[in-house]
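Visitor: Just one file: model_2.cif, with mmCIF, C-alpha atoms.
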```
data_entry
#
loop_
_atom_site.group_PDB
_atom_site.id
_atom_site.type_symbol
_atom_site.label_atom_id
_atom_site.label_comp_id
_atom_site.auth_asym_id
_atom_site.auth_seq_id
_atom_site.Cartn_x
_atom_site.Cartn_y
_atom_site.Cartn_z
ATOM 1 C CA MET A 1 5.335 -19.548 20.934
ATOM 2 C CA LEU A 2 1.987 -21.118 21.683
ATOM 3 C CA GLY A 3 0.623 -21.521 18.172
ATOM 4 C CA GLU A 4 0.417 -20.311 14.615
ATOM 5 C CA PHE A 5 -2.507 -19.325 12.427
ATOM 6 C CA GLY A 6 -3.039 -21.068 9.120
ATOM 7 C CA ARG A 7 -5.414 -20.402 6.285
ATOM 8 C CA ALA A 8 -8.871 -18.896 6.568
ATOM 9 C CA HIS A 9 -11.725 -21.321 7.257
ATOM 10 C CA GLY A 10 -14.919 -20.446 5.452
ATOM 11 C CA LEU A 11 -16.256 -16.970 4.749
ATOM 12 C CA ASN A 12 -17.183 -15.701 8.213
ATOM 13 C CA GLY A 13 -13.794 -14.816 9.707
ATOM 14 C CA GLU A 14 -12.748 -18.143 11.165
ATOM 15 C CA VAL A 15 -9.131 -19.252 10.794
ATOM 16 C CA ARG A 16 -7.196 -22.481 11.309
ATOM 17 C CA LEU A 17 -4.885 -22.454 14.328
ATOM 18 C CA LYS A 18 -2.119 -24.955 15.066
ATOM 19 C CA SER A 19 -1.722 -25.161 18.824
ATOM 20 C CA TYR A 20 1.623 -26.059 20.411
ATOM 21 C CA THR A 21 0.220 -26.349 23.934
ATOM 22 C CA ALA A 22 0.061 -29.811 25.585
ATOM 23 C CA ASP A 23 -3.738 -29.570 25.584
ATOM 24 C CA PRO A 24 -4.458 -27.879 22.237
ATOM 25 C CA MET A 25 -7.590 -26.113 23.522
ATOM 26 C CA ALA A 26 -5.554 -24.548 26.366
ATOM 27 C CA ILE A 27 -4.201 -21.931 23.951
ATOM 28 C CA GLY A 28 -7.490 -20.123 24.473
ATOM 29 C CA SER A 29 -6.954 -19.871 28.241
ATOM 30 C CA TYR A 30 -3.901 -17.574 28.135
ATOM 31 C CA GLY A 31 -5.866 -14.427 27.400
ATOM 32 C CA PRO A 32 -4.583 -11.965 24.818
ATOM 33 C CA LEU A 33 -1.541 -13.225 22.919
ATOM 34 C CA THR A 34 1.063 -11.278 20.994
ATOM 35 C CA GLY A 35 1.507 -11.896 17.296
ATOM 36 C CA ALA A 36 4.992 -12.072 15.805
ATOM 37 C CA ASP A 37 4.238 -8.705 14.191
ATOM 38 C CA GLY A 38 3.495 -7.116 17.585
ATOM 39 C CA ARG A 39 -0.295 -6.976 17.377
ATOM 40 C CA VAL A 40 -2.410 -8.170 20.293
ATOM 41 C CA VAL A 41 -4.627 -11.120 19.378
ATOM 42 C CA GLU A 42 -7.596 -12.185 21.476
ATOM 43 C CA ILE A 43 -9.076 -15.577 20.674
ATOM 44 C CA ALA A 44 -12.845 -15.275 20.996
ATOM 45 C CA SER A 45 -13.699 -18.959 20.460
ATOM 46 C CA LEU A 46 -12.114 -22.284 19.564
ATOM 47 C CA ARG A 47 -13.278 -25.639 18.328
ATOM 48 C CA PRO A 48 -11.387 -28.723 17.168
ATOM 49 C CA ALA A 49 -10.706 -29.080 13.447
ATOM 50 C CA ALA A 50 -11.038 -32.421 11.718
ATOM 51 C CA GLY A 51 -7.918 -34.410 10.948
ATOM 52 C CA ALA A 52 -5.328 -33.448 13.574
ATOM 53 C CA PRO A 53 -5.618 -33.155 17.358
ATOM 54 C CA ASP A 54 -3.498 -29.988 17.487
ATOM 55 C CA MET A 55 -5.432 -28.177 14.748
ATOM 56 C CA LEU A 56 -8.252 -25.873 15.797
ATOM 57 C CA ILE A 57 -10.721 -23.497 14.195
ATOM 58 C CA ALA A 58 -10.541 -20.079 15.863
ATOM 59 C CA ARG A 59 -12.566 -16.933 15.849
ATOM 60 C CA VAL A 60 -10.499 -13.853 16.692
ATOM 61 C CA ALA A 61 -11.922 -10.729 18.308
ATOM 62 C CA GLY A 62 -12.175 -7.928 15.767
ATOM 63 C CA VAL A 63 -11.804 -10.214 12.747
ATOM 64 C CA SER A 64 -14.805 -10.742 10.516
ATOM 65 C CA GLY A 65 -14.938 -12.012 6.989
ATOM 66 C CA ARG A 66 -12.530 -14.068 4.971
ATOM 67 C CA ASN A 67 -10.135 -11.190 4.199
ATOM 68 C CA GLY A 68 -9.588 -10.502 7.893
ATOM 69 C CA ALA A 69 -8.976 -14.191 8.564
ATOM 70 C CA GLU A 70 -6.555 -14.415 5.620
ATOM 71 C CA SER A 71 -4.534 -11.530 7.085
ATOM 72 C CA LEU A 72 -3.681 -13.824 10.034
ATOM 73 C CA ASN A 73 -2.189 -16.618 7.886
ATOM 74 C CA ARG A 74 1.273 -17.686 9.169
ATOM 75 C CA LEU A 75 1.089 -15.344 12.182
ATOM 76 C CA ALA A 76 2.881 -16.967 15.135
ATOM 77 C CA LEU A 77 1.342 -16.341 18.573
ATOM 78 C CA TYR A 78 3.427 -15.741 21.691
ATOM 79 C CA VAL A 79 2.904 -15.324 25.404
ATOM 80 C CA ALA A 80 5.312 -13.626 27.798
ATOM 81 C CA ARG A 81 7.536 -16.230 29.524
ATOM 82 C CA GLU A 82 6.566 -15.037 33.008
ATOM 83 C CA ARG A 83 2.929 -16.007 32.329
ATOM 84 C CA LEU A 84 3.891 -19.677 31.882
ATOM 85 C CA GLY A 85 5.029 -20.494 35.424
ATOM 86 C CA ALA A 86 7.341 -23.425 36.062
ATOM 87 C CA PRO A 87 7.463 -26.704 34.120
ATOM 88 C CA GLU A 88 5.414 -29.453 35.769
ATOM 89 C CA GLU A 89 7.874 -32.343 35.343
ATOM 90 C CA GLU A 90 11.552 -32.604 36.320
ATOM 91 C CA ASP A 91 12.626 -33.402 32.747
ATOM 92 C CA GLU A 92 10.322 -30.809 31.170
ATOM 93 C CA PHE A 93 11.638 -27.500 29.862
ATOM 94 C CA PHE A 94 10.319 -24.452 28.081
ATOM 95 C CA ALA A 95 12.262 -23.784 24.892
ATOM 96 C CA ALA A 96 12.525 -20.122 25.925
ATOM 97 C CA ASP A 97 14.449 -21.187 29.046
ATOM 98 C CA LEU A 98 17.034 -23.089 26.986
ATOM 99 C CA VAL A 99 17.808 -20.423 24.393
ATOM 100 C CA GLY A 100 21.030 -18.643 25.326
ATOM 101 C CA LEU A 101 22.335 -21.374 27.650
ATOM 102 C CA ALA A 102 26.003 -22.321 27.424
ATOM 103 C CA VAL A 103 26.672 -25.772 25.994
ATOM 104 C CA VAL A 104 29.603 -27.817 27.339
ATOM 105 C CA ASP A 105 30.781 -31.372 26.714
ATOM 106 C CA ARG A 106 31.071 -34.019 29.443
ATOM 107 C CA SER A 107 34.563 -32.787 30.366
ATOM 108 C CA GLY A 108 33.246 -29.227 30.807
ATOM 109 C CA ALA A 109 34.887 -27.841 27.654
ATOM 110 C CA PRO A 110 32.831 -25.138 25.929
ATOM 111 C CA VAL A 111 30.950 -26.310 22.837
ATOM 112 C CA GLY A 112 28.696 -23.341 22.067
ATOM 113 C CA THR A 113 25.405 -21.632 22.884
ATOM 114 C CA VAL A 114 21.817 -22.719 22.255
ATOM 115 C CA ARG A 115 20.306 -20.462 19.601
ATOM 116 C CA ALA A 116 16.933 -22.197 19.145
ATOM 117 C CA VAL A 117 14.976 -25.359 19.924
ATOM 118 C CA PRO A 118 13.341 -26.275 16.603
ATOM 119 C CA ASN A 119 11.161 -29.272 15.872
ATOM 120 C CA TYR A 120 10.745 -30.206 12.227
ATOM 121 C CA GLY A 121 8.481 -33.168 12.962
ATOM 122 C CA GLY A 122 11.024 -35.744 14.129
ATOM 123 C CA GLY A 123 11.478 -34.456 17.688
ATOM 124 C CA ASP A 124 13.038 -31.471 19.389
ATOM 125 C CA LEU A 125 16.550 -30.389 18.405
ATOM 126 C CA LEU A 126 19.075 -28.013 19.936
ATOM 127 C CA GLU A 127 20.472 -25.511 17.450
ATOM 128 C CA ILE A 128 23.958 -24.804 18.776
ATOM 129 C CA VAL A 129 26.215 -21.954 17.659
ATOM 130 C CA PRO A 130 29.827 -23.111 18.121
ATOM 131 C CA THR A 131 32.083 -21.281 20.584
ATOM 132 C CA ALA A 132 34.855 -21.191 17.966
ATOM 133 C CA GLY A 133 32.571 -19.503 15.429
ATOM 134 C CA GLY A 134 31.217 -20.966 12.253
ATOM 135 C CA ASN A 135 27.930 -22.467 11.237
ATOM 136 C CA PRO A 136 25.453 -23.746 13.833
ATOM 137 C CA ALA A 137 24.630 -27.435 14.141
ATOM 138 C CA LEU A 138 21.535 -29.358 15.182
ATOM 139 C CA LEU A 139 21.743 -31.926 17.961
ATOM 140 C CA PRO A 140 18.834 -34.242 18.857
ATOM 141 C CA PHE A 141 17.347 -33.188 22.191
ATOM 142 C CA THR A 142 17.465 -36.659 23.756
ATOM 143 C CA LYS A 143 19.017 -38.055 26.951
ATOM 144 C CA ALA A 144 21.697 -39.797 24.846
ATOM 145 C CA PHE A 145 22.970 -36.499 23.403
ATOM 146 C CA VAL A 146 21.869 -34.154 26.211
ATOM 147 C CA PRO A 147 22.466 -35.970 29.508
ATOM 148 C CA GLU A 148 22.268 -32.914 31.797
ATOM 149 C CA ILE A 149 20.465 -29.586 31.839
ATOM 150 C CA ASP A 150 20.989 -27.050 34.613
ATOM 151 C CA VAL A 151 18.774 -24.063 33.820
ATOM 152 C CA ALA A 152 19.698 -22.339 37.107
ATOM 153 C CA ALA A 153 23.412 -22.540 36.241
ATOM 154 C CA ARG A 154 22.581 -21.609 32.597
ATOM 155 C CA ARG A 155 24.434 -24.684 31.292
ATOM 156 C CA ILE A 156 23.639 -27.740 29.186
ATOM 157 C CA THR A 157 25.989 -30.728 29.103
ATOM 158 C CA VAL A 158 26.036 -32.631 25.819
ATOM 159 C CA ASP A 159 27.641 -35.775 24.455
ATOM 160 C CA PRO A 160 27.999 -34.651 20.831
ATOM 161 C CA PRO A 161 29.267 -36.689 17.909
ATOM 162 C CA GLU A 162 32.843 -35.770 16.932
ATOM 163 C CA ASP A 163 31.675 -34.282 13.639
ATOM 164 C CA LEU A 164 28.922 -32.087 15.102
ATOM 165 C CA PHE A 165 30.184 -28.916 13.419
ATOM 166 C CA ALA A 166 31.804 -30.564 10.382
ATOM 167 C CA PRO A 167 30.574 -29.255 7.038
ATOM 168 C CA ALA A 168 28.164 -31.534 5.215
ATOM 169 C CA ALA A 169 29.904 -33.921 2.828
ATOM 170 C CA PRO A 170 29.064 -33.512 -0.858
ATOM 171 C CA GLN A 171 26.399 -35.894 -2.079
ATOM 172 C CA ASP A 172 27.468 -38.597 -4.544
ATOM 173 C CA PRO A 173 24.996 -38.299 -7.435
ATOM 174 C CA ASP A 174 25.599 -41.959 -8.345
ATOM 175 C CA ALA A 175 24.769 -43.262 -4.850
ATOM 176 C CA ALA A 176 21.468 -45.082 -4.634
#
```
Show me this structure written as structure tokens.
Guide:
Amino acid sequence: MLGEFGRAHGLNGEVRLKSYTADPMAIGSYGPLTGADGRVVEIASLRPAAGAPDMLIARVAGVSGRNGAESLNRLALYVARERLGAPEEEDEFFAADLVGLAVVDRSGAPVGTVRAVPNYGGGDLLEIVPTAGGNPALLPFTKAFVPEIDVAARRITVDPPEDLFAPAAPQDPDAA
């Protein structure tokens, strides 16, 4: 996923676009992108939006007027993995390359499988589905918790807390 459209901007068909690329303007250099709904989206022009470095104002080919721009709201934009090439840094990974990898602990015992690599604003996380079944858990994607990644071997070594898959404890309503 390279970005996601937001609300319409003005009356002439422009729309806000949150870019997830390292250089936000680079989202326009990938050519036609695929929307989460399967439609092909071609970004005709981009300019920075005020307030956030990763927020842009986009004009999309074939979209004119506010109604057309509003129809794009919340549409995630994807590019085929093969068009991305290889990561530039040794400790850099594409989330798409991590999804589906086996997760083991430091002793090599199976822990689970990576289902997603979400980021809710506090840093990347690994969403891990346990090998033994049950509910997935989120593990911070940091060197402390994820000391080794071997994409070629399709394996991630983690140092998880003992209670990684433990159910959440009930909240004490009297706790301050």
Visitor: Run the PyMOL selection byres ((chain A and resi 66-72) around 9) against the file shown and list the residues it catches, as JSON, numbers by chain.
Guide: {"A": [4, 5, 6, 7, 8, 9, 10, 11, 12, 13, 14, 15, 16, 59, 60, 62, 63, 64, 65, 73, 74, 75, 76]}
Visitor: Go through the shown structure with the PyMOL selection byres ((chain A and resi 46-49) around 10) and write out the matching residues as a compact mmCIF listing (two decimals) with C-alpha atoms, keeping the file's coordinate frame.
Guide:
```txt
# COMPACT_ATOMS: atom_id res chain seq x y z
CA HIS A 9 -11.72 -21.32 7.26
CA GLU A 14 -12.75 -18.14 11.16
CA VAL A 15 -9.13 -19.25 10.79
CA ARG A 16 -7.20 -22.48 11.31
CA LEU A 17 -4.88 -22.45 14.33
CA LYS A 18 -2.12 -24.96 15.07
CA PRO A 24 -4.46 -27.88 22.24
CA MET A 25 -7.59 -26.11 23.52
CA ALA A 26 -5.55 -24.55 26.37
CA ILE A 27 -4.20 -21.93 23.95
CA GLY A 28 -7.49 -20.12 24.47
CA ILE A 43 -9.08 -15.58 20.67
CA ALA A 44 -12.84 -15.28 21.00
CA SER A 45 -13.70 -18.96 20.46
CA ALA A 50 -11.04 -32.42 11.72
CA GLY A 51 -7.92 -34.41 10.95
CA ALA A 52 -5.33 -33.45 13.57
CA PRO A 53 -5.62 -33.16 17.36
CA ASP A 54 -3.50 -29.99 17.49
CA MET A 55 -5.43 -28.18 14.75
CA LEU A 56 -8.25 -25.87 15.80
CA ILE A 57 -10.72 -23.50 14.20
CA ALA A 58 -10.54 -20.08 15.86
CA ARG A 59 -12.57 -16.93 15.85
CA VAL A 60 -10.50 -13.85 16.69
```
Visitor: What is the atom CA of A:Gly3 to atom CA of A:Tyr20 distance in Å?
Guide: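 The value is 5.2 Å.
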Visitor: Carefully work through the PyMOL selection byres ((chain A and resi 165) around 8) for this structure and note down the residues it includes, as an mmCIF file with C-alpha atoms, keeping the file's coordinate frame.
Guide:
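Wrote it out as part.cif, contents follow:
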```cif
data_model
loop_
_atom_site.group_PDB
_atom_site.id
_atom_site.type_symbol
_atom_site.label_atom_id
_atom_site.label_comp_id
_atom_site.auth_asym_id
_atom_site.auth_seq_id
_atom_site.Cartn_x
_atom_site.Cartn_y
_atom_site.Cartn_z
ATOM 1 C CA PRO A 130 29.827 -23.111 18.121
ATOM 2 C CA ASN A 135 27.930 -22.467 11.237
ATOM 3 C CA PRO A 136 25.453 -23.746 13.833
ATOM 4 C CA ALA A 137 24.630 -27.435 14.141
ATOM 5 C CA ASP A 163 31.675 -34.282 13.639
ATOM 6 C CA LEU A 164 28.922 -32.087 15.102
ATOM 7 C CA ALA A 166 31.804 -30.564 10.382
ATOM 8 C CA PRO A 167 30.574 -29.255 7.038
#
```
Visitor: Just the number, please: distance in Å from atom CA of A:Val41 to atom CA of A:Glu82, one decimal.
Guide: 18.1 Å
Visitor: Calculate, to one decimal in Å, the centre and edge lengths of the box along x, y and z of the file that holds all listed atoms of stretch 38-55 of chain A with 5 Å of margin on each side, and present them as lines of an AutoDock Vina configuration file.
Guide:
```
center_x = -5.1
center_y = -20.7
center_z = 16.2
size_x = 27.2
size_y = 37.4
size_z = 20.5
```
Visitor: Given the point (20.7, -30.9, 31.9) in the file's coordinates, find the residues that have an atom at most 12 Å from it, counting only C-alpha atoms, and give them as a VMD selection string.
Guide: chain A and resid 90 to 93 97 to 98 101 to 106 141 to 159
Visitor: So the first atom is atom CA of A:Glu89 and the second is atom CA of A:Ala22; what is the distance between them in Å, to one decimal place?
Guide: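 Those two atoms sit 12.8 Å apart.
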Visitor: Here is a test: counting all atoms listed in the file, which residue of A:Ala169, A:Ser107, A:Tyr30, A:Pro140 is nearest to A:Gly121?
Guide: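 Result for the nearest residue to A:Gly121: A:Pro140.
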Visitor: Out of A:Gly38, A:Glu88, A:Glu162, A:Val129, which residue has the shortest atom-to-atom distance to A:Gly100 when counting all atoms listed in the file?
Guide: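 Selected residue with least distance to A:Gly100: A:Val129.
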Visitor: Compare A:Met1, A:Ala61, A:Ala168, A:Ala132 by their minimum atom-to-atom distance to A:Ala109, counting only C-alpha atoms, and give me the closest one.
Guide: A:Ala132
Visitor: Please provide the set of residues having any atom within 8 Å of A:Ala95, restricted to only C-alpha atoms, with same-chain residues fewer than 4 positions apart removed, written as a list of chain:residue names.
Guide: A:Val99, A:Ala116, A:Val117
Visitor: Quick one: stretch 103-114 of chain A with all heavy atoms, as a JSON list (two decimals), keeping the file's coordinate frame?
Guide:
```
[["chain", "number", "residue", "atom", "x", "y", "z"],
["A", 103, "VAL", "N", 26.62, -24.34, 26.26],
["A", 103, "VAL", "CA", 26.67, -25.77, 25.99],
["A", 103, "VAL", "C", 28.11, -26.23, 26.21],
["A", 103, "VAL", "O", 29.04, -25.64, 25.65],
["A", 103, "VAL", "CB", 26.22, -26.10, 24.56],
["A", 103, "VAL", "CG1", 26.30, -27.59, 24.29],
["A", 103, "VAL", "CG2", 24.81, -25.58, 24.31],
["A", 104, "VAL", "N", 28.28, -27.26, 27.05],
["A", 104, "VAL", "CA", 29.60, -27.82, 27.34],
["A", 104, "VAL", "C", 29.56, -29.32, 27.09],
["A", 104, "VAL", "O", 28.48, -29.93, 27.13],
["A", 104, "VAL", "CB", 30.06, -27.53, 28.79],
["A", 104, "VAL", "CG1", 30.17, -26.03, 29.04],
["A", 104, "VAL", "CG2", 29.13, -28.17, 29.80],
["A", 105, "ASP", "N", 30.75, -29.92, 26.85],
["A", 105, "ASP", "CA", 30.78, -31.37, 26.71],
["A", 105, "ASP", "C", 30.94, -32.00, 28.09],
["A", 105, "ASP", "O", 31.01, -31.29, 29.11],
["A", 105, "ASP", "CB", 31.86, -31.81, 25.72],
["A", 105, "ASP", "CG", 33.27, -31.50, 26.18],
["A", 105, "ASP", "OD1", 33.50, -31.24, 27.38],
["A", 105, "ASP", "OD2", 34.18, -31.53, 25.31],
["A", 106, "ARG", "N", 31.01, -33.32, 28.15],
["A", 106, "ARG", "CA", 31.07, -34.02, 29.44],
["A", 106, "ARG", "C", 32.28, -33.63, 30.27],
["A", 106, "ARG", "O", 32.27, -33.71, 31.49],
["A", 106, "ARG", "CB", 31.04, -35.52, 29.23],
["A", 106, "ARG", "CG", 29.66, -36.03, 28.84],
["A", 106, "ARG", "CD", 29.67, -37.56, 28.82],
["A", 106, "ARG", "NE", 28.39, -38.11, 28.46],
["A", 106, "ARG", "CZ", 27.46, -38.47, 29.34],
["A", 106, "ARG", "NH1", 27.65, -38.29, 30.62],
["A", 106, "ARG", "NH2", 26.32, -38.98, 28.93],
["A", 107, "SER", "N", 33.37, -33.19, 29.63],
["A", 107, "SER", "CA", 34.56, -32.79, 30.37],
["A", 107, "SER", "C", 34.48, -31.33, 30.82],
["A", 107, "SER", "O", 35.36, -30.84, 31.51],
["A", 107, "SER", "CB", 35.81, -32.99, 29.50],
["A", 107, "SER", "OG", 35.83, -32.05, 28.44],
["A", 108, "GLY", "N", 33.42, -30.63, 30.42],
["A", 108, "GLY", "CA", 33.25, -29.23, 30.81],
["A", 108, "GLY", "C", 33.80, -28.23, 29.81],
["A", 108, "GLY", "O", 33.72, -27.03, 30.02],
["A", 109, "ALA", "N", 34.34, -28.73, 28.69],
["A", 109, "ALA", "CA", 34.89, -27.84, 27.65],
["A", 109, "ALA", "C", 33.74, -27.15, 26.91],
["A", 109, "ALA", "O", 32.74, -27.79, 26.58],
["A", 109, "ALA", "CB", 35.74, -28.63, 26.68],
["A", 110, "PRO", "N", 33.89, -25.86, 26.64],
["A", 110, "PRO", "CA", 32.83, -25.14, 25.93],
["A", 110, "PRO", "C", 32.60, -25.70, 24.52],
["A", 110, "PRO", "O", 33.55, -25.99, 23.80],
["A", 110, "PRO", "CB", 33.35, -23.70, 25.84],
["A", 110, "PRO", "CG", 34.48, -23.62, 26.80],
["A", 110, "PRO", "CD", 35.01, -25.00, 26.99],
["A", 111, "VAL", "N", 31.33, -25.84, 24.16],
["A", 111, "VAL", "CA", 30.95, -26.31, 22.84],
["A", 111, "VAL", "C", 30.29, -25.18, 22.06],
["A", 111, "VAL", "O", 30.56, -24.98, 20.89],
["A", 111, "VAL", "CB", 29.99, -27.52, 22.93],
["A", 111, "VAL", "CG1", 29.42, -27.89, 21.58],
["A", 111, "VAL", "CG2", 30.68, -28.71, 23.59],
["A", 112, "GLY", "N", 29.41, -24.42, 22.74],
["A", 112, "GLY", "CA", 28.70, -23.34, 22.07],
["A", 112, "GLY", "C", 27.57, -22.79, 22.91],
["A", 112, "GLY", "O", 27.60, -22.89, 24.14],
["A", 113, "THR", "N", 26.57, -22.25, 22.24],
["A", 113, "THR", "CA", 25.40, -21.63, 22.88],
["A", 113, "THR", "C", 24.15, -22.07, 22.14],
["A", 113, "THR", "O", 24.15, -22.14, 20.91],
["A", 113, "THR", "CB", 25.51, -20.09, 22.82],
["A", 113, "THR", "OG1", 26.75, -19.70, 23.39],
["A", 113, "THR", "CG2", 24.38, -19.42, 23.57],
["A", 114, "VAL", "N", 23.09, -22.35, 22.88],
["A", 114, "VAL", "CA", 21.82, -22.72, 22.26],
["A", 114, "VAL", "C", 21.20, -21.48, 21.62],
["A", 114, "VAL", "O", 20.99, -20.47, 22.29],
["A", 114, "VAL", "CB", 20.84, -23.32, 23.28],
["A", 114, "VAL", "CG1", 19.48, -23.60, 22.63],
["A", 114, "VAL", "CG2", 21.41, -24.58, 23.90]]
```
